[in-house]
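Visitor: Below is my_file_15.pdb; it holds PDB, C-alpha atoms.
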```
ATOM      1  CA  MET A 118      18.744   3.259  14.173
ATOM      2  CA  ALA A 119      19.274   0.173  16.259
ATOM      3  CA  THR A 120      21.991  -2.040  14.807
ATOM      4  CA  PRO A 121      20.290  -4.584  12.545
ATOM      5  CA  ARG A 122      20.918  -8.189  13.548
ATOM      6  CA  PHE A 123      20.587  -9.385   9.949
ATOM      7  CA  ARG A 124      22.155  -8.336   6.677
ATOM      8  CA  VAL A 125      20.894  -8.381   3.123
ATOM      9  CA  GLY A 126      21.338 -11.920   1.842
ATOM     10  CA  ASP A 127      20.797 -13.603   5.210
ATOM     11  CA  VAL A 128      18.417 -16.539   5.207
ATOM     12  CA  VAL A 129      15.766 -16.219   7.904
ATOM     13  CA  ARG A 130      12.722 -18.091   9.103
ATOM     14  CA  VAL A 131       9.623 -16.312  10.354
ATOM     15  CA  ASP A 132       8.842 -17.442  13.866
ATOM     16  CA  ALA A 133       5.791 -19.697  13.971
ATOM     17  CA  ARG A 134       4.747 -18.540  17.428
ATOM     18  CA  ALA A 135       1.249 -17.447  18.262
ATOM     19  CA  ALA A 136       0.770 -13.799  19.185
ATOM     20  CA  LEU A 137      -1.893 -12.337  21.387
ATOM     21  CA  GLY A 138      -3.264  -9.028  20.197
ATOM     22  CA  HIS A 139      -2.234  -6.919  17.245
ATOM     23  CA  CYS A 140       0.787  -7.780  15.156
ATOM     24  CA  ARG A 141       1.907  -7.264  11.558
ATOM     25  CA  THR A 142       3.217 -10.748  10.805
ATOM     26  CA  PRO A 143       0.833 -12.582   8.467
ATOM     27  CA  PHE A 144      -0.106 -16.113   9.500
ATOM     28  CA  PHE A 145       0.650 -17.486   6.052
ATOM     29  CA  LEU A 146       4.328 -16.560   6.439
ATOM     30  CA  ARG A 147       4.889 -17.922   9.943
ATOM     31  CA  GLY A 148       7.315 -20.811   9.875
ATOM     32  CA  LYS A 149       8.356 -19.966   6.300
ATOM     33  CA  THR A 150      11.941 -19.365   5.229
ATOM     34  CA  GLY A 151      13.047 -16.459   3.068
ATOM     35  CA  VAL A 152      15.984 -14.213   2.356
ATOM     36  CA  ILE A 153      16.483 -10.632   3.454
ATOM     37  CA  VAL A 154      16.512  -8.324   0.447
ATOM     38  CA  GLY A 155      16.341  -4.990   2.223
ATOM     39  CA  ILE A 156      16.633  -3.223   5.560
ATOM     40  CA  GLN A 157      13.746  -0.785   5.645
ATOM     41  CA  GLY A 158      14.717   1.201   8.726
ATOM     42  CA  ALA A 159      13.530   1.214  12.329
ATOM     43  CA  PHE A 160       9.931   1.908  13.195
ATOM     44  CA  HIS A 161       7.751   2.143  16.262
ATOM     45  CA  ASP A 162       6.682  -1.311  17.376
ATOM     46  CA  PRO A 163       3.119  -1.802  16.080
ATOM     47  CA  GLU A 164       2.439  -4.419  18.735
ATOM     48  CA  LYS A 165       2.871  -1.708  21.391
ATOM     49  CA  LEU A 166       1.414   1.185  19.402
ATOM     50  CA  ALA A 167      -1.824  -0.745  19.095
ATOM     51  CA  TYR A 168      -2.252  -0.500  22.848
ATOM     52  CA  HIS A 169      -1.425   3.197  23.176
ATOM     53  CA  LYS A 170       2.171   2.613  24.201
ATOM     54  CA  PRO A 171       4.993   4.642  22.661
ATOM     55  CA  GLY A 172       6.307   1.658  20.684
ATOM     56  CA  LEU A 173       9.879   2.139  21.803
ATOM     57  CA  PRO A 174      12.538   1.044  21.252
ATOM     58  CA  ARG A 175      12.044   1.213  17.516
ATOM     59  CA  MET A 176      12.210  -2.142  15.781
ATOM     60  CA  VAL A 177      14.263  -2.871  12.690
ATOM     61  CA  LEU A 178      12.064  -3.808   9.750
ATOM     62  CA  TYR A 179      13.252  -6.072   6.932
ATOM     63  CA  LYS A 180      12.015  -6.776   3.461
ATOM     64  CA  VAL A 181      11.982 -10.561   3.217
ATOM     65  CA  ARG A 182      11.605 -12.452  -0.068
ATOM     66  CA  PHE A 183       9.955 -15.857  -0.171
ATOM     67  CA  LYS A 184       9.626 -18.360  -2.991
ATOM     68  CA  GLN A 185       5.949 -18.859  -3.685
ATOM     69  CA  PRO A 186       6.157 -22.680  -3.937
ATOM     70  CA  GLU A 187       7.735 -22.697  -0.467
ATOM     71  CA  ILE A 188       4.802 -20.771   0.970
ATOM     72  CA  TRP A 189       2.102 -22.747  -0.811
ATOM     73  CA  PRO A 190       2.681 -26.478  -1.408
ATOM     74  CA  ASN A 191       0.185 -26.461  -4.283
ATOM     75  CA  TYR A 192       1.181 -23.101  -5.722
ATOM     76  CA  PRO A 193      -0.465 -22.907  -9.148
ATOM     77  CA  GLY A 194       1.893 -20.318 -10.705
ATOM     78  CA  ARG A 195       5.496 -20.631 -11.915
ATOM     79  CA  PRO A 196       8.322 -21.955  -9.702
ATOM     80  CA  HIS A 197      10.253 -18.675  -9.994
ATOM     81  CA  ASP A 198       7.390 -16.544  -8.638
ATOM     82  CA  GLN A 199       8.146 -14.785  -5.353
ATOM     83  CA  LEU A 200       6.510 -12.787  -2.597
ATOM     84  CA  GLU A 201       7.976 -10.031  -0.464
ATOM     85  CA  ALA A 202       6.754  -8.806   2.894
ATOM     86  CA  ASP A 203       8.033  -6.429   5.566
ATOM     87  CA  ILE A 204       8.782  -8.335   8.775
ATOM     88  CA  TYR A 205      10.044  -6.991  12.097
ATOM     89  CA  GLU A 206      13.308  -8.275  13.517
ATOM     90  CA  HIS A 207      11.790  -9.920  16.594
ATOM     91  CA  TRP A 208       9.841 -12.278  14.312
ATOM     92  CA  LEU A 209      12.903 -13.479  12.403
ATOM     93  CA  ILE A 210      15.175 -16.412  13.236
ATOM     94  CA  ARG A 211      18.512 -16.970  11.544
ATOM     95  CA  ALA A 212      18.165 -19.945   9.224
ATOM     96  CA  ASP A 213      21.416 -20.061   7.267
ATOM     97  CA  GLY A 214      22.198 -23.613   6.304
ATOM     98  CA  GLU A 215      18.575 -24.581   5.974
ATOM     99  CA  ALA A 216      17.651 -25.950   2.592
ATOM    100  CA  ARG A 217      17.267 -23.193   0.056
ATOM    101  CA  SER A 218      18.135 -22.936  -3.571
ATOM    102  CA  ASP A 219      20.852 -20.551  -4.705
ATOM    103  CA  SER A 220      18.588 -18.873  -7.221
ATOM    104  CA  HIS A 221      16.909 -17.166  -4.290
ATOM    105  CA  ALA A 222      19.791 -14.766  -3.716
ATOM    106  CA  ALA A 223      18.898 -11.131  -3.301
ATOM    107  CA  ALA A 224      18.571  -9.317  -6.595
TER
ATOM    108  CA  MET B 170     -31.949   7.256  26.163
ATOM    109  CA  PRO B 171     -33.087  10.879  26.295
ATOM    110  CA  PRO B 172     -32.674  12.868  23.110
ATOM    111  CA  HIS B 173     -29.406  14.710  22.958
ATOM    112  CA  ASP B 174     -30.266  17.986  21.310
ATOM    113  CA  ASP B 175     -26.765  19.021  20.515
ATOM    114  CA  HIS B 176     -26.231  15.981  18.344
ATOM    115  CA  ASP B 177     -29.534  14.850  16.966
ATOM    116  CA  HIS B 178     -30.261  18.004  15.069
ATOM    117  CA  HIS B 179     -27.352  17.890  12.699
ATOM    118  CA  GLN B 180     -27.841  14.386  11.418
ATOM    119  CA  ASP B 181     -30.331  15.620   8.858
ATOM    120  CA  HIS B 182     -28.487  18.461   7.266
ATOM    121  CA  GLU B 183     -25.171  20.198   7.106
ATOM    122  CA  HIS B 184     -25.180  23.649   8.593
ATOM    123  CA  THR B 185     -23.028  26.448   9.803
ATOM    124  CA  HIS B 186     -23.323  27.985  13.202
ATOM    125  CA  GLU B 187     -21.223  29.974  15.588
ATOM    126  CA  HIS B 188     -18.804  28.902  18.271
ATOM    127  CA  ASP B 189     -17.172  31.720  20.188
ATOM    128  CA  GLY B 190     -18.221  34.089  17.476
ATOM    129  CA  GLN B 191     -16.474  32.022  14.796
ATOM    130  CA  PRO B 192     -18.348  30.375  11.942
ATOM    131  CA  HIS B 193     -18.156  26.655  12.496
ATOM    132  CA  ARG B 194     -18.895  23.767  10.182
ATOM    133  CA  HIS B 195     -19.802  20.328  11.324
ATOM    134  CA  PRO B 196     -17.795  17.527   9.739
ATOM    135  CA  PRO B 197     -19.105  15.845   6.600
ATOM    136  CA  GLN B 198     -22.400  14.097   6.774
ATOM    137  CA  ARG B 199     -23.162  10.621   5.557
ATOM    138  CA  ASP B 200     -22.762  10.467   1.826
ATOM    139  CA  HIS B 201     -25.788   8.341   1.087
ATOM    140  CA  ASP B 202     -29.332   8.216   2.316
ATOM    141  CA  ALA B 203     -29.833   4.490   2.754
ATOM    142  CA  ASP B 204     -31.200   3.824   6.215
ATOM    143  CA  PRO B 205     -30.641   2.435   8.697
ATOM    144  CA  ALA B 206     -26.987   3.273   9.251
ATOM    145  CA  SER B 207     -24.756   0.256   9.733
ATOM    146  CA  PRO B 208     -23.298  -0.319  13.208
ATOM    147  CA  TYR B 209     -19.903   0.792  11.876
ATOM    148  CA  GLU B 210     -21.320   4.061  10.571
ATOM    149  CA  VAL B 211     -22.933   4.717  13.937
ATOM    150  CA  LEU B 212     -19.671   3.859  15.680
ATOM    151  CA  GLU B 213     -17.677   6.144  13.370
ATOM    152  CA  GLN B 214     -20.076   8.996  13.926
ATOM    153  CA  ALA B 215     -20.036   8.532  17.694
ATOM    154  CA  ILE B 216     -16.228   8.464  17.814
ATOM    155  CA  ARG B 217     -15.931  11.428  15.472
ATOM    156  CA  GLU B 218     -18.325  13.502  17.550
ATOM    157  CA  LEU B 219     -16.594  12.546  20.782
ATOM    158  CA  LEU B 220     -13.200  13.523  19.363
ATOM    159  CA  ILE B 221     -14.597  16.923  18.441
ATOM    160  CA  GLU B 222     -16.445  17.342  21.737
ATOM    161  CA  LYS B 223     -13.334  16.487  23.740
ATOM    162  CA  GLY B 224     -11.232  18.856  21.672
ATOM    163  CA  VAL B 225      -8.944  16.174  20.229
ATOM    164  CA  LEU B 226      -9.845  17.214  16.681
ATOM    165  CA  THR B 227     -11.835  20.037  15.197
ATOM    166  CA  ALA B 228     -14.452  19.650  12.506
ATOM    167  CA  GLU B 229     -12.250  21.832  10.323
ATOM    168  CA  GLU B 230      -9.349  19.412  10.684
ATOM    169  CA  ILE B 231     -11.581  16.550   9.619
ATOM    170  CA  TYR B 232     -12.734  18.570   6.607
ATOM    171  CA  ALA B 233      -9.149  19.371   5.746
ATOM    172  CA  GLN B 234      -8.227  15.673   5.745
ATOM    173  CA  VAL B 235     -11.208  14.789   3.574
ATOM    174  CA  ASP B 236     -10.228  17.573   1.168
ATOM    175  CA  LEU B 237      -6.616  16.360   1.165
ATOM    176  CA  MET B 238      -7.673  12.828   0.269
ATOM    177  CA  ASP B 239      -9.996  14.138  -2.420
ATOM    178  CA  SER B 240      -7.064  15.992  -3.961
ATOM    179  CA  ARG B 241      -5.090  12.763  -4.436
ATOM    180  CA  THR B 242      -5.975  10.723  -7.502
ATOM    181  CA  PRO B 243      -4.210   8.215  -9.762
ATOM    182  CA  ALA B 244      -3.444  11.130 -12.110
ATOM    183  CA  LEU B 245      -0.718  12.163  -9.663
ATOM    184  CA  GLY B 246       0.888   8.744  -9.842
ATOM    185  CA  ALA B 247       0.575   8.734 -13.638
ATOM    186  CA  LYS B 248       2.478  12.019 -13.788
ATOM    187  CA  VAL B 249       5.279  10.467 -11.732
ATOM    188  CA  VAL B 250       5.430   7.365 -13.940
ATOM    189  CA  ALA B 251       5.496   9.404 -17.158
ATOM    190  CA  ARG B 252       8.296  11.559 -15.802
ATOM    191  CA  ALA B 253      10.287   8.469 -14.842
ATOM    192  CA  TRP B 254       9.823   7.095 -18.364
ATOM    193  CA  VAL B 255      11.238  10.167 -20.081
ATOM    194  CA  ASP B 256      13.908  11.072 -17.534
ATOM    195  CA  PRO B 257      16.271   8.229 -16.524
ATOM    196  CA  ALA B 258      17.928  10.346 -13.841
ATOM    197  CA  TYR B 259      14.524  11.029 -12.273
ATOM    198  CA  LYS B 260      13.684   7.331 -12.443
ATOM    199  CA  ALA B 261      16.912   6.517 -10.608
ATOM    200  CA  ARG B 262      16.052   9.028  -7.896
ATOM    201  CA  LEU B 263      12.503   7.667  -7.652
ATOM    202  CA  LEU B 264      13.747   4.129  -7.118
ATOM    203  CA  ALA B 265      16.429   5.230  -4.646
ATOM    204  CA  ASP B 266      14.351   7.660  -2.551
ATOM    205  CA  THR B 267      10.692   7.727  -3.477
ATOM    206  CA  ARG B 268       9.760  10.334  -0.874
ATOM    207  CA  ALA B 269      12.303  12.853  -2.143
ATOM    208  CA  ALA B 270      11.498  12.171  -5.803
ATOM    209  CA  LEU B 271       7.788  12.735  -5.188
ATOM    210  CA  ALA B 272       8.578  15.933  -3.306
ATOM    211  CA  GLU B 273      10.428  17.155  -6.416
ATOM    212  CA  LEU B 274       7.083  17.059  -8.216
ATOM    213  CA  GLY B 275       5.345  18.826  -5.343
ATOM    214  CA  ILE B 276       3.778  15.649  -3.939
ATOM    215  CA  ASP B 277       3.965  15.542  -0.144
ATOM    216  CA  ILE B 278       3.319  12.046   1.224
ATOM    217  CA  GLY B 279       3.150  13.147   4.848
ATOM    218  CA  THR B 280       4.840  11.451   7.754
ATOM    219  CA  LEU B 281       2.680   8.403   8.450
ATOM    220  CA  ALA B 282       4.338   5.981   6.054
ATOM    221  CA  ASP B 283       7.275   5.866   3.702
ATOM    222  CA  PHE B 284       6.889   4.849   0.069
ATOM    223  CA  ARG B 285       8.804   2.428  -2.114
ATOM    224  CA  THR B 286       8.704   2.217  -5.881
ATOM    225  CA  VAL B 287       8.952  -1.258  -7.408
ATOM    226  CA  GLU B 288       9.896  -1.374 -11.054
ATOM    227  CA  ASN B 289       8.488  -3.769 -13.601
ATOM    228  CA  THR B 290      11.166  -5.106 -15.936
ATOM    229  CA  ALA B 291      11.380  -7.623 -18.770
ATOM    230  CA  ASP B 292      11.927 -10.260 -16.060
ATOM    231  CA  VAL B 293       9.722  -9.205 -13.134
ATOM    232  CA  HIS B 294       6.085  -8.134 -12.877
ATOM    233  CA  ASN B 295       5.155  -6.603  -9.511
ATOM    234  CA  VAL B 296       1.750  -6.543  -7.872
ATOM    235  CA  ILE B 297       0.739  -4.875  -4.599
ATOM    236  CA  VAL B 298      -1.540  -6.090  -1.820
ATOM    237  CA  CYS B 299      -2.058  -5.640   1.894
ATOM    238  CA  THR B 300      -3.160  -9.008   3.242
ATOM    239  CA  LEU B 301      -3.550  -7.750   6.812
ATOM    240  CA  CYS B 302      -5.766  -4.735   6.118
ATOM    241  CA  SER B 303      -5.784  -2.373   3.144
ATOM    242  CA  CYS B 304      -2.541  -0.366   3.202
ATOM    243  CA  TYR B 305      -2.270   1.603  -0.022
ATOM    244  CA  PRO B 306      -0.221   4.578  -1.264
ATOM    245  CA  LYS B 307      -3.203   6.881  -0.741
ATOM    246  CA  LEU B 308      -1.262  10.129  -0.761
ATOM    247  CA  LEU B 309      -0.108   9.299  -4.277
ATOM    248  CA  LEU B 310      -3.033   7.366  -5.763
ATOM    249  CA  GLY B 311      -6.002   8.498  -3.694
ATOM    250  CA  ILE B 312      -8.620   6.232  -2.149
ATOM    251  CA  PRO B 313      -8.138   2.580  -3.114
ATOM    252  CA  PRO B 314     -10.728   0.775  -5.220
ATOM    253  CA  ALA B 315     -13.202  -1.359  -3.269
ATOM    254  CA  TRP B 316     -11.800  -4.592  -4.702
ATOM    255  CA  TYR B 317      -8.350  -3.770  -3.315
ATOM    256  CA  LYS B 318      -9.857  -3.912   0.170
ATOM    257  CA  SER B 319     -11.904  -7.044  -0.460
ATOM    258  CA  LEU B 320     -11.060 -10.289   1.306
ATOM    259  CA  ALA B 321     -11.162 -12.042  -2.065
ATOM    260  CA  TYR B 322      -8.379  -9.947  -3.609
ATOM    261  CA  ARG B 323      -6.287  -9.810  -0.437
ATOM    262  CA  SER B 324      -6.288 -13.565   0.081
ATOM    263  CA  ARG B 325      -6.268 -14.775  -3.521
ATOM    264  CA  VAL B 326      -3.590 -12.535  -5.016
ATOM    265  CA  VAL B 327      -0.966 -14.043  -2.719
ATOM    266  CA  ILE B 328      -2.072 -17.648  -3.263
ATOM    267  CA  ASP B 329      -2.659 -17.447  -7.015
ATOM    268  CA  PRO B 330      -1.395 -14.134  -8.383
ATOM    269  CA  ARG B 331      -1.323 -15.275 -12.003
ATOM    270  CA  GLY B 332      -4.899 -16.500 -11.782
ATOM    271  CA  VAL B 333      -6.076 -13.240 -10.238
ATOM    272  CA  LEU B 334      -4.186 -11.136 -12.802
ATOM    273  CA  LYS B 335      -5.785 -13.194 -15.570
ATOM    274  CA  GLU B 336      -9.191 -12.232 -14.172
ATOM    275  CA  PHE B 337      -8.075  -8.608 -14.563
ATOM    276  CA  GLY B 338      -7.281  -9.426 -18.197
ATOM    277  CA  LEU B 339      -3.546  -9.556 -17.652
ATOM    278  CA  GLU B 340      -1.625 -12.653 -18.627
ATOM    279  CA  ILE B 341       1.993 -12.720 -17.436
ATOM    280  CA  PRO B 342       4.329 -14.792 -19.648
ATOM    281  CA  ASP B 343       5.667 -17.952 -18.009
ATOM    282  CA  ASN B 344       9.268 -16.755 -18.170
ATOM    283  CA  VAL B 345       8.499 -13.558 -16.232
ATOM    284  CA  GLU B 346       8.576 -13.714 -12.433
ATOM    285  CA  VAL B 347       5.433 -12.527 -10.694
ATOM    286  CA  ARG B 348       6.476 -10.778  -7.503
ATOM    287  CA  VAL B 349       3.792  -9.991  -4.938
ATOM    288  CA  HIS B 350       4.495  -7.218  -2.425
ATOM    289  CA  ASP B 351       2.533  -7.609   0.787
ATOM    290  CA  SER B 352       2.530  -4.184   2.505
ATOM    291  CA  THR B 353       2.558  -5.697   5.975
ATOM    292  CA  ALA B 354       4.125  -2.831   7.894
ATOM    293  CA  ASP B 355       5.218   0.803   7.647
ATOM    294  CA  LEU B 356       5.885   1.055   3.919
ATOM    295  CA  ARG B 357       3.565   1.711   1.005
ATOM    296  CA  TYR B 358       4.396   0.347  -2.407
ATOM    297  CA  PHE B 359       3.560   1.440  -5.873
ATOM    298  CA  VAL B 360       4.478  -0.099  -9.195
ATOM    299  CA  LEU B 361       6.469   1.666 -11.870
ATOM    300  CA  PRO B 362       5.129  -0.052 -14.993
ATOM    301  CA  ARG B 363       7.112  -0.586 -18.205
ATOM    302  CA  ARG B 364       6.740   1.957 -20.932
ATOM    303  CA  PRO B 365       4.941   0.220 -23.782
ATOM    304  CA  GLU B 366       6.289   0.070 -27.318
ATOM    305  CA  GLY B 367       4.723   2.470 -29.759
ATOM    306  CA  THR B 368       5.056   5.471 -27.443
ATOM    307  CA  GLU B 369       8.298   6.823 -28.841
ATOM    308  CA  GLY B 370       8.288  10.591 -29.040
ATOM    309  CA  TRP B 371       5.177  11.027 -26.901
ATOM    310  CA  SER B 372       4.987  13.969 -24.527
ATOM    311  CA  VAL B 373       4.899  13.453 -20.767
ATOM    312  CA  GLU B 374       1.205  14.404 -20.840
ATOM    313  CA  GLN B 375       0.420  11.841 -23.533
ATOM    314  CA  LEU B 376       2.317   9.167 -21.639
ATOM    315  CA  ALA B 377       0.547   9.940 -18.362
ATOM    316  CA  GLU B 378      -2.809   9.349 -20.053
ATOM    317  CA  ILE B 379      -2.137   5.643 -20.517
ATOM    318  CA  VAL B 380      -1.004   5.048 -16.921
ATOM    319  CA  THR B 381      -4.085   3.908 -15.051
ATOM    320  CA  ARG B 382      -4.525   3.302 -11.348
ATOM    321  CA  ASP B 383      -4.387  -0.465 -11.873
ATOM    322  CA  CYS B 384      -1.041  -0.137 -13.689
ATOM    323  CA  MET B 385       0.402   1.262 -10.461
ATOM    324  CA  ILE B 386      -1.133  -1.539  -8.350
ATOM    325  CA  GLY B 387       0.161  -4.104 -10.816
ATOM    326  CA  THR B 388      -3.160  -5.551 -11.937
ATOM    327  CA  ALA B 389      -2.804  -3.941 -15.384
ATOM    328  CA  VAL B 390      -0.093  -2.703 -17.718
ATOM    329  CA  PRO B 391      -0.209   0.467 -19.818
ATOM    330  CA  VAL B 392      -1.740  -0.098 -23.216
ATOM    331  CA  VAL B 393      -1.475   2.092 -26.310
ATOM    332  CA  PRO B 394      -5.032   2.760 -27.476
ATOM    333  CA  PRO B 395      -5.542   1.196 -30.941
ATOM    334  CA  ILE B 396      -6.732   4.467 -32.425
ATOM    335  CA  ARG B 397      -3.583   6.273 -31.378
ATOM    336  CA  ALA B 398      -1.396   3.354 -32.411
ATOM    337  CA  ALA B 399      -2.986   3.526 -35.872
ATOM    338  CA  ALA B 400      -2.386   7.265 -36.072
ATOM    339  CA  GLU B 401       1.283   7.062 -35.146
TER
END
```
How does this structure look as structure tokens?
Guide:
Amino acid sequence: MATPRFRVGDVVRVDARAALGHCRTPFFLRGKTGVIVGIQGAFHDPEKLAYHKPGLPRMVLYKVRFKQPEIWPNYPGRPHDQLEADIYEHWLIRADGEARSDSHAAA
Amino acid sequence: MPPHDDHDHHQDHEHTHEHDGQPHRHPPQRDHDADPASPYEVLEQAIRELLIEKGVLTAEEIYAQVDLMDSRTPALGAKVVARAWVDPAYKARLLADTRAALAELGIDIGTLADFRTVENTADVHNVIVCTLCSCYPKLLLGIPPAWYKSLAYRSRVVIDPRGVLKEFGLEIPDNVEVRVHDSTADLRYFVLPRRPEGTEGWSVEQLAEIVTRDCMIGTAVPVVPPIRAAAE
């Protein structure tokens, strides 16, 4: 597996860039900050696979945990509710030092 | 467009004929008789027939996949959950390496996607969605329910999970975290629910009976039927 750039516990922001064509990064998470809670392995790049390319090199995939109220300003649930999604490395930007509460640490 | 004999004739009925002396079945026919076919059905049929005609797939391979999917039902998942409830060592293996733990029970999840088990605890209630399409642990739970694939569920369960769960009849206490898992990429998730009180001493078979499909999606929790609770 390619050496992961991030470690569990790292704070990351999902890139807010636009993407042409197929990708697996939901719009509602772009620009949002979360914490890495797992390294899922390396997988063929879906953005290349979608166009009949081999999808190599494999991309490292991370499980990223977000606080719901940080995703949705008017989140109607409880402040401790969270959401996790699998995000590829090339969509993640290191965001250590950005405002986050300590309670968000990886469980 | 001129009629294409080789294709038009088998739209009406399933049949067997010979190719190179071998009996040959056409792939499954439409499973309802409402006409006209939607554009997507026509597209699917055209692609399927082209794949067969060009030798990419055989009709038998398509049948085999349909049969494989038909063999997977939530009862498989329920068996896994019940085993995890009665066997802590198995539960630990399931959480650590879901693929291997399923293989122990003879459940092969293929090579397309890896699985992860997320465990409900006193502090966390998990619920599964795929906001981008409809990823689902099919090789464990079978074909997903229609609502799982609906735009309403996929968009609303991330924005207001507690509200959506309430519509399913499930109210999560305020002190419990609701954790939504969006299966955005190569992994498929399923929920290991909590074993309810009142099931002490039950057999694995009895336990599996109360684990429904929705319990493993996270839109329900296992419930002890009142009649059994009264009998215990």
Visitor: Using all atoms listed in the file - which residues lie no farther than 7 Å from the point (1.0, -7.2, 3.2) in the file's frame? Write them as a PyMOL selection string.
Guide: (chain A and resi 202) or (chain B and resi 298-301+350-353)
Visitor: What are the residues of chain B that have an atom within 9 Å of an atom of chain A, counting all atoms listed in the file, as a list in words?
Guide: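 Every residue meeting the condition is included here: Val293, Thr300, Leu301, Val327, Ile328, Asp329, Pro330, Arg331, Gly332, Asp343, Asn344, Val345, Glu346, Val347, Arg348, Val349, His350, Asp351, Ser352, Thr353, Ala354, Asp355 and Leu356 of chain B.
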Visitor: Run through the PyMOL selection byres ((chain B and resi 280) around 12) on the given coordinates and return the selected residues as a ChimeraX atom specification.
Guide: /B:268,277-279,281-284,308,355-357
Visitor: Please determine, counting all atoms listed in the file, which residue among B:Pro306, B:Ala251, B:Val296, B:Thr267 has the shortest atom-to-atom distance to Thr368 (chain B).
Guide: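 Selected residue with least distance to Thr368 (chain B): B:Ala251.
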Visitor: Using all atoms listed in the file, find the one residue out of A:Val154, A:Leu166, A:Leu146, A:Val177 that sits nearest to Val128 (chain A).
Guide: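 Closest candidate: A:Val154.
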Visitor: Hey, what's within 9 Å of Leu245 (chain B) if we count all atoms listed in the file and toss same-chain stuff fewer than 5 positions away? As a list in words, please?
Guide: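 The residues satisfying every condition are Val250, Ile276, Leu309, Leu310 and Gly311 of chain B.
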Visitor: Name the residues that the PyMOL selection byres ((chain A and resi 119) around 8) pulls out of this structure, and write them as a count of residues only.
Guide: 7
Visitor: In Å, how far is it from CA of Thr150 (chain A) to CA of Val129 (chain A)?
Guide: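 So the answer is 5.6 Å.
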Visitor: Just how far from CA of His294 (chain B) is CA of Gly387 (chain B), in Å to one decimal?
Guide: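 CA of His294 (chain B) lies at a distance of 7.5 Å from CA of Gly387 (chain B).
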Visitor: May I ask for the distance between CA of Arg262 (chain B) and CA of Ser240 (chain B), given in Å to one decimal place?
Guide: 24.5 Å
Visitor: Report as number ranges by chain the full result of the PyMOL selection byres ((chain A and resi 131-133) around 7) when it is applied to this structure.
Guide: A: 129-130, 134-135, 146-150, 208-210
Visitor: Between B:Val211, B:Met385, B:Val333, B:Ile379, which has the minimum distance to Val287 (chain B) (counting all atoms listed in the file)?
Guide: B:Met385
Visitor: List the neighbours of Arg124 (chain A) out to 9 Å using only C-alpha atoms; skip same-chain residues closer than 6 positions along the sequence, and give me the result as a PDB file with C-alpha atoms, in the frame of the given file.
Guide:
```pdb
ATOM      1  CA  ILE A 153      16.483 -10.632   3.454  1.00  0.00           C
ATOM      2  CA  VAL A 154      16.512  -8.324   0.447  1.00  0.00           C
ATOM      3  CA  GLY A 155      16.341  -4.990   2.223  1.00  0.00           C
ATOM      4  CA  ILE A 156      16.633  -3.223   5.560  1.00  0.00           C
TER       5      ILE A 156
END
```
